[in-house]
Amino acid sequence: MTLTRRPLPTAVAAVALSATLLTSCSTDSGTAEATTTDSATPRLALSYDGGVLVLDAQSLDVVGSAEVDGFTRLNPAGDDRHVLVSTGNSFTALDTAEPALTDVAFEAKTPGHVVRHDGKTVLFDDGTGLVRVFDPAGLSEGTPDTTEFTTPEAHHGVAVELSDGSLLTTVGNEDERTGIVVLDRDRKEIARNEDCPGVHGEAVAAGETVVVGCQNGLLIYRGGVITKVTSPDPYGRIGNQAGDEDSPMILGDYKTDPDAELERPERVSLTDTATGQLTLVDLGTSYTFRSLGRAPHGEALVLGTDGAVHVIDPNSKAVSRTVDVLDPWTEPDKWQSPRPALYVQDHTAYVTDPANKKIHTIDLDTWTVSGQADLPETPNEITGVTG
């Protein structure tokens, strides 16, 4: 059954051609019956080649899908209901409760990172350097008002607005990225550090501590001060991080070969933002940028190519257990290609299984595989909302 969508603006119409609602229940005639929900139902969104699937996060039933042209990225919008679908020319809101693509779209030349912190959502347009900040609570009523800032030069960057209204953004241009700058509420500079070649990614730790990765370590910003943590190797790139705003620890990847077209590292970094201590943890298996997560009690999780989720204790900074969930797999050469991905929501870890078109769940209290489901499409990215 085809859904009737709200009219989309021209920029979005080319992105979203249709949305189809699927349900696990049928009428007597065997035809699927379209349903919607206004209840606080946790949902998952999984991208595939040609669209996005929406799943009930508890039953793993597919409850909807939306057709989307081209390669898409997925991020929670910040209101526990919508997911932002990044495509070639916009960040478009997908309503997971109906589910359907909406007419809420933020045009962008090159949609980049989406960051949520302190009730605000920040969008970064890599093609223009435009940073937009908005309150996601009003997404159900339409496109929210935004405050805007444009970086001096466009680059693949990221920005975070803090609780006092200050804004942290990356510094760079199309040729290089060098560090971060922090601007106050009036967008006057209060801190800067450009000792961060190849700056990439962000995470927020306890005490509203913001961390960004470098090719030679990390930058840590807290309370008006930027601190550099240096990698133990001359080239020790930490480009992807997983944080927990209740924990001082930051989990990051760790690569040491500047010339590799595709490095398959077997160590991750664990950094205590309170002390600046960086510890490398050897997993004995490789992983990818979609392998990092955090458990509800602060544990660091890494999905390895050996098919197991490796659990790192934040106190001992060592692997305390492994949970076997998939067959061994190999990272594809192209970063856009499907590969197993890890996503954590509340006390459940979700692991996609593209090779078998499945999704698996892990109970993070008992550390057991608690369920699985078949999928109608090959999954790529995964995210979710709590409802």
# chains A, B, ... in the order shown; residues from 1 in each chain; ligands from 1
>>> residues_around(residues="Arg222 in chain A", least_positions_apart="4", cutoff="7 Å", atoms="only C-alpha atoms", output="list of chain:residue names")
A:Glu208, A:Thr209, A:Val210, A:Ile226
>>> write_last_selection(atoms="N, CA, C and O atoms", output="PDB file, in the first residue's frame")
ATOM      1  N   GLU A 208      30.588  18.077  29.879  1.00  0.00           N
ATOM      2  CA  GLU A 208      30.493  18.809  28.616  1.00  0.00           C
ATOM      3  C   GLU A 208      31.878  18.998  28.001  1.00  0.00           C
ATOM      4  O   GLU A 208      32.286  20.085  27.607  1.00  0.00           O
ATOM      5  N   THR A 209      32.592  17.881  27.931  1.00  0.00           N
ATOM      6  CA  THR A 209      33.918  17.855  27.333  1.00  0.00           C
ATOM      7  C   THR A 209      33.795  17.403  25.886  1.00  0.00           C
ATOM      8  O   THR A 209      33.270  16.327  25.609  1.00  0.00           O
ATOM      9  N   VAL A 210      34.281  18.222  24.964  1.00  0.00           N
ATOM     10  CA  VAL A 210      34.195  17.906  23.542  1.00  0.00           C
ATOM     11  C   VAL A 210      35.553  17.420  23.054  1.00  0.00           C
ATOM     12  O   VAL A 210      36.588  18.037  23.339  1.00  0.00           O
ATOM     13  N   ILE A 226      41.574  24.345  25.589  1.00  0.00           N
ATOM     14  CA  ILE A 226      41.814  23.244  24.652  1.00  0.00           C
ATOM     15  C   ILE A 226      43.115  22.553  25.037  1.00  0.00           C
ATOM     16  O   ILE A 226      44.153  23.199  25.179  1.00  0.00           O
TER      17      ILE A 226
END
>>> residues_around(residues="Ala154 in chain A", least_positions_apart="5", cutoff="8 Å", atoms="only C-alpha atoms", output="count of residues only")
8
>>> select_by_dssp(residues="range 107-169 of chain A", states="helix (DSSP H, G or I)", output="list in words")
Pro136, Ala137, Gly138, Leu139, Ser140 and Glu141 of chain A
>>> residues_around(residues="Phe71 in chain A", least_positions_apart="3", cutoff="12 Å", atoms="only C-alpha atoms", output="count of residues only")
22
>>> residues_around(residues="Thr352 in chain A", least_positions_apart="2", cutoff="10 Å", atoms="only C-alpha atoms", output="count of residues only")
26
>>> residues_around(residues="Pro296 in chain A", least_positions_apart="2", cutoff="7 Å", atoms="only C-alpha atoms", output="PDB file with C-alpha atoms, in the first residue's frame")
ATOM      1  CA  ARG A 294      29.098   2.450  24.099  1.00  0.00           C
ATOM      2  CA  GLY A 298      30.169   2.923  30.205  1.00  0.00           C
ATOM      3  CA  ASP A 346      19.213   1.838  25.678  1.00  0.00           C
ATOM      4  CA  HIS A 347      20.245  -1.650  26.860  1.00  0.00           C
TER       5      HIS A 347
END
>>> closest_residue(among="A:Thr386, A:Thr143, A:Gln58, A:Thr121", to="Ala105 in chain A", atoms="only C-alpha atoms")
A:Thr143
>>> residues_around(residues="Tyr235 in chain A", least_positions_apart="4", cutoff="8 Å", atoms="only C-alpha atoms", output="ChimeraX atom specification")
/A:215-216,231,255-258
>>> select_by_dssp(residues="range 30-174 of chain A", states="strand (DSSP E)", output="VMD selection string")
chain A and resid 43 to 48 51 to 56 62 to 68 73 to 76 82 to 86 90 to 95 100 to 107 111 to 117 120 to 125 130 to 134 147 to 150 159 to 161 167 to 172
>>> closest_residue(among="A:Thr41, A:Ser59, A:Asp259, A:Asp79", to="Glu98 in chain A", atoms="only C-alpha atoms")
A:Thr41
>>> closest_residue(among="A:Leu60, A:Ala274, A:Ala260, A:Leu167", to="Ile220 in chain A", atoms="only C-alpha atoms")
A:Ala274
>>> closest_residue(among="A:Thr110, A:Gly276, A:Leu270, A:Gly213", to="Thr227 in chain A", atoms="only C-alpha atoms")
A:Gly276
>>> closest_atom_pairs(of="range 72-170 of chain A", to="range 189-202 of chain A", cutoff="12 Å", atoms="only C-alpha atoms", output="JSON lines")
{"residue": "A:Gly112", "atom": "CA", "partner": "A:Gly201", "partner_atom": "CA", "distance": 10.7}
{"residue": "A:His113", "atom": "CA", "partner": "A:Gly201", "partner_atom": "CA", "distance": 8.2}
{"residue": "A:Val114", "atom": "CA", "partner": "A:Glu202", "partner_atom": "CA", "distance": 10.2}
{"residue": "A:Val115", "atom": "CA", "partner": "A:Glu202", "partner_atom": "CA", "distance": 8.4}
{"residue": "A:Arg116", "atom": "CA", "partner": "A:Glu202", "partner_atom": "CA", "distance": 10.8}
{"residue": "A:His117", "atom": "CA", "partner": "A:Glu202", "partner_atom": "CA", "distance": 11.4}
{"residue": "A:Phe124", "atom": "CA", "partner": "A:Gly201", "partner_atom": "CA", "distance": 11.9}
{"residue": "A:His155", "atom": "CA", "partner": "A:Val199", "partner_atom": "CA", "distance": 10.6}
{"residue": "A:His156", "atom": "CA", "partner": "A:His200", "partner_atom": "CA", "distance": 8.1}
{"residue": "A:Gly157", "atom": "CA", "partner": "A:His200", "partner_atom": "CA", "distance": 6.8}
{"residue": "A:Val158", "atom": "CA", "partner": "A:Gly201", "partner_atom": "CA", "distance": 6.9}
{"residue": "A:Ala159", "atom": "CA", "partner": "A:Glu202", "partner_atom": "CA", "distance": 8.4}
{"residue": "A:Val160", "atom": "CA", "partner": "A:Glu202", "partner_atom": "CA", "distance": 8.5}
{"residue": "A:Ser166", "atom": "CA", "partner": "A:Ile190", "partner_atom": "CA", "distance": 9.1}
{"residue": "A:Leu167", "atom": "CA", "partner": "A:Glu189", "partner_atom": "CA", "distance": 9.4}
{"residue": "A:Leu168", "atom": "CA", "partner": "A:Ala191", "partner_atom": "CA", "distance": 9.1}
{"residue": "A:Thr169", "atom": "CA", "partner": "A:Arg192", "partner_atom": "CA", "distance": 9.8}
{"residue": "A:Thr170", "atom": "CA", "partner": "A:Val199", "partner_atom": "CA", "distance": 7.2}
